[in-house]
Amino acid sequence: MGDMVGTSQDLKDITIAFDVMGSDHGPEEVVRGAAQLSLESPHIHALLVGDRDAIDAVLAETKHRAERISVQHVSEFIAMDEKPGEALARKKNASVAVAAQLVAEGEAHALVSAGNTGACVLACARFFQLIPGVRRAALAAVYPTRGTRGEKEDPFSLILDVGATVEATAEDLVTFAVMGSAYARIISRNERPKVALLSNGVEPQKGPPRVVEAHARLSSMAGVNFVGNVEGVDIPKGTVDVIVTDGFMGNVCLKMLEGVHDTVVELAQYAYKEKLRWRAGLAMLSSGIQRIKDITDWEQYGGAPVLGFDRIFIKAHGRSKARAITNAGKVAAKAVAHQLGTAIQEGLPR
């Protein structure tokens with residue numbers, strides 16, 4: 001395993017590689033986010049991987065600390081609508097591949113990208129190593145909840161996997177629980193995050209055999225604060241801090257949560273246009289709606305980690321604006337500084 005996971009990291013010297021290309025907004029928002037990071041975080045250096053002319057054009061009109069930013073020129077990138085495997089095979093020097101390779105070689109400690117998710121995960125799989133004891137990586141997503149948690153009272157929970165490993169064994173689910181617990185502990189400063197398996201009933205025997213077996217294994221593990229099974233209704237309530245499932249189910253849940261959020265916003269806008277009395281009611285509700293917007297604003301928490309590799313990767317949303325990119329950089333640096341990889345490895349069953 002790489003030395004970055006095992007050694008203590010000096011906070012003054014963390015380099016984050018940003019894949020500047022391939023997001024919905026092109027390079028502008030990613031570069032602006034890195035520029036803002038250079039102003040806010042003196043201990044973080046940003047390595048921007050992408051088209052130098054495009055990067056320089058944005059930096060020329062954006063306030064930044066030049067000594068905290070460097071550029072690696074790469075002309076190719078993978079678009080959102082490309083097939084990840086084919087595109088990576090065809091474009092050996094795509095920005096996400098070059099960025100991942102730079103992290104693997106030690107030129108940077110972590111990777112942030114808002115590009116094609118499949119290509120990002122494949123690039124990590126190509127250049128990073130799995131932590132010993134981890135069979136498969138997981139993409140974890142942060143989502144808004146009614147309950148809050150941790151020192152910072154985060155109104156977010158973590159769900160994993162949401163797409164990296166479609167079919168998971170009982171052993172994989174146990175590993176996901178360990179990884180999700182370590183991440184929640186470090187990023188939300190939540191000392192004993194509550195971890196649960198997603199099932200179709202709270203009883204230990206409910207669910208497919210792999211879930212039942214994972215339940216039995218997790219129940220006997222001291223290092224994970226396992227509280228049993230939760231049902232779909234518990235997801236938005238924030239009953240627990242980490243929900244563990246396979247990539248197929250997790251992806252379905254995540255897409256549904258996004259759809260519900262978009263629908264609520266659209267209904268509010270429709271009501272506003274339709275009737276004056278609804279408008280008056282909506283004005284009274286506006287502070288509540290602002291709060292909903294605040295807690296459902298994924299820009300606050302930067303992005304979704306891919307867990308299980310010996311290097312840190314934070315996948316920012318494709319629609320990320322500069323603030324989300326800045327926060328993704330901060331989250332990545334925090335994971336490096338607190339040795340997330342070591343925390344995961346120490347938590348795995350012997």
# chains A, B, ... in the order shown; residues from 1 in each chain; ligands from 1
call {"tool": "residues_around", "arguments": {"residues": "segment 139-143 of chain A", "least_positions_apart": "3", "cutoff": "7 Å", "atoms": "only C-alpha atoms", "output": "PyMOL selection string"}}
result
chain A and resi 156-164+304-307
call {"tool": "write_last_selection", "arguments": {"atoms": "N, CA and C atoms", "output": "PDB file, in the first residue's frame"}}
result
ATOM      1  N   PHE A 156     -26.661  15.749   7.605  1.00  0.00           N
ATOM      2  CA  PHE A 156     -26.399  14.831   6.497  1.00  0.00           C
ATOM      3  C   PHE A 156     -26.110  13.438   7.034  1.00  0.00           C
ATOM      4  N   SER A 157     -26.515  12.437   6.274  1.00  0.00           N
ATOM      5  CA  SER A 157     -26.084  11.058   6.546  1.00  0.00           C
ATOM      6  C   SER A 157     -25.340  10.548   5.323  1.00  0.00           C
ATOM      7  N   LEU A 158     -24.703   9.399   5.504  1.00  0.00           N
ATOM      8  CA  LEU A 158     -23.919   8.779   4.437  1.00  0.00           C
ATOM      9  C   LEU A 158     -24.615   7.495   4.010  1.00  0.00           C
ATOM     10  N   ILE A 159     -24.699   7.259   2.710  1.00  0.00           N
ATOM     11  CA  ILE A 159     -25.205   5.967   2.220  1.00  0.00           C
ATOM     12  C   ILE A 159     -24.170   5.391   1.256  1.00  0.00           C
ATOM     13  N   LEU A 160     -23.855   4.107   1.413  1.00  0.00           N
ATOM     14  CA  LEU A 160     -22.912   3.449   0.522  1.00  0.00           C
ATOM     15  C   LEU A 160     -23.281   1.970   0.413  1.00  0.00           C
ATOM     16  N   ASP A 161     -23.071   1.394  -0.698  1.00  0.00           N
ATOM     17  CA  ASP A 161     -22.542   1.896  -1.950  1.00  0.00           C
ATOM     18  C   ASP A 161     -23.691   2.501  -2.779  1.00  0.00           C
ATOM     19  N   VAL A 162     -23.366   3.483  -3.614  1.00  0.00           N
ATOM     20  CA  VAL A 162     -24.393   4.030  -4.502  1.00  0.00           C
ATOM     21  C   VAL A 162     -24.028   3.842  -5.978  1.00  0.00           C
ATOM     22  N   GLY A 163     -23.176   2.841  -6.260  1.00  0.00           N
ATOM     23  CA  GLY A 163     -22.932   2.576  -7.672  1.00  0.00           C
ATOM     24  C   GLY A 163     -21.610   1.961  -8.075  1.00  0.00           C
ATOM     25  N   ALA A 164     -20.628   1.877  -7.175  1.00  0.00           N
ATOM     26  CA  ALA A 164     -19.333   1.314  -7.582  1.00  0.00           C
ATOM     27  C   ALA A 164     -19.389  -0.217  -7.634  1.00  0.00           C
ATOM     28  N   ALA A 304     -18.935  13.206  -3.003  1.00  0.00           N
ATOM     29  CA  ALA A 304     -19.060  11.823  -2.542  1.00  0.00           C
ATOM     30  C   ALA A 304     -17.695  11.140  -2.592  1.00  0.00           C
ATOM     31  N   PRO A 305     -17.271  10.513  -1.499  1.00  0.00           N
ATOM     32  CA  PRO A 305     -15.975   9.833  -1.531  1.00  0.00           C
ATOM     33  C   PRO A 305     -16.077   8.449  -2.173  1.00  0.00           C
ATOM     34  N   VAL A 306     -15.034   8.059  -2.881  1.00  0.00           N
ATOM     35  CA  VAL A 306     -14.891   6.650  -3.266  1.00  0.00           C
ATOM     36  C   VAL A 306     -13.992   6.037  -2.201  1.00  0.00           C
ATOM     37  N   LEU A 307     -14.534   5.080  -1.462  1.00  0.00           N
ATOM     38  CA  LEU A 307     -13.831   4.501  -0.317  1.00  0.00           C
ATOM     39  C   LEU A 307     -13.308   3.106  -0.637  1.00  0.00           C
TER      40      LEU A 307
END
call {"tool": "select_by_dssp", "arguments": {"residues": "segment 131-233 of chain A", "states": "helix (DSSP H, G or I)", "output": "NGL selection string"}}
result
:A and (170-187 or 209-219)
call {"tool": "closest_atom_pairs", "arguments": {"of": "segment 47-156 of chain A", "to": "segment 318-325 of chain A", "cutoff": "12 Å", "atoms": "only C-alpha atoms", "output": "tab-separated table"}}
result
residue	atom	partner	partner_atom	distance
A:Val58	CA	A:Ala322	CA	12.0
A:Thr62	CA	A:Ala322	CA	11.4
A:Ala79	CA	A:Gly318	CA	10.6
A:Met80	CA	A:Gly318	CA	8.3
A:Asp81	CA	A:Gly318	CA	11.7
A:Leu111	CA	A:Ile325	CA	11.5
A:Val112	CA	A:Ile325	CA	8.0
A:Ser113	CA	A:Ile325	CA	8.5
A:Ala114	CA	A:Gly318	CA	4.8
A:Gly115	CA	A:Gly318	CA	5.9
A:Asn116	CA	A:Gly318	CA	7.6
A:Thr117	CA	A:Gly318	CA	8.5
A:Cys120	CA	A:Gly318	CA	11.7
call {"tool": "residues_around", "arguments": {"residues": "segment 206-208 of chain A", "least_positions_apart": "3", "cutoff": "12 Å", "atoms": "only C-alpha atoms", "output": "list in words"}}
result
Ala168, Thr169, Ala170, Leu197, Leu198, Ser199, Asn200, Gly201, Val202, Glu203, Val211, Val212, Glu213, Ala214, His215, Ala216, Gly228, Asn229, Val230, Glu231, Thr245 and Asp246 of chain A
call {"tool": "closest_residue", "arguments": {"among": "A:Ala184, A:Leu88, A:Cys253, A:Ala123", "to": "Val224 of chain A", "atoms": "only C-alpha atoms"}}
result
A:Ala184
call {"tool": "closest_residue", "arguments": {"among": "A:Val195, A:Val121, A:Ile344, A:Val260", "to": "Ala100 of chain A", "atoms": "only C-alpha atoms"}}
result
A:Val121
call {"tool": "atom_distance", "arguments": {"atom1": "atom CA of Val174 of chain A", "atom2": "atom CA of Ser188 of chain A"}}
result
20.8 Å
call {"tool": "atom_distance", "arguments": {"atom1": "atom CA of Glu171 of chain A", "atom2": "atom CA of Glu258 of chain A"}}
result
29.0 Å
call {"tool": "closest_residue", "arguments": {"among": "A:Val166, A:Ala66, A:Arg136, A:Glu107", "to": "Val252 of chain A", "atoms": "only C-alpha atoms"}}
result
A:Val166
call {"tool": "atom_distance", "arguments": {"atom1": "atom CA of Ala332 of chain A", "atom2": "atom CA of Leu48 of chain A"}}
result
14.7 Å
call {"tool": "closest_residue", "arguments": {"among": "A:Glu40, A:Asp19, A:Asp310, A:Glu191", "to": "Ala99 of chain A", "atoms": "only C-alpha atoms"}}
result
A:Asp19
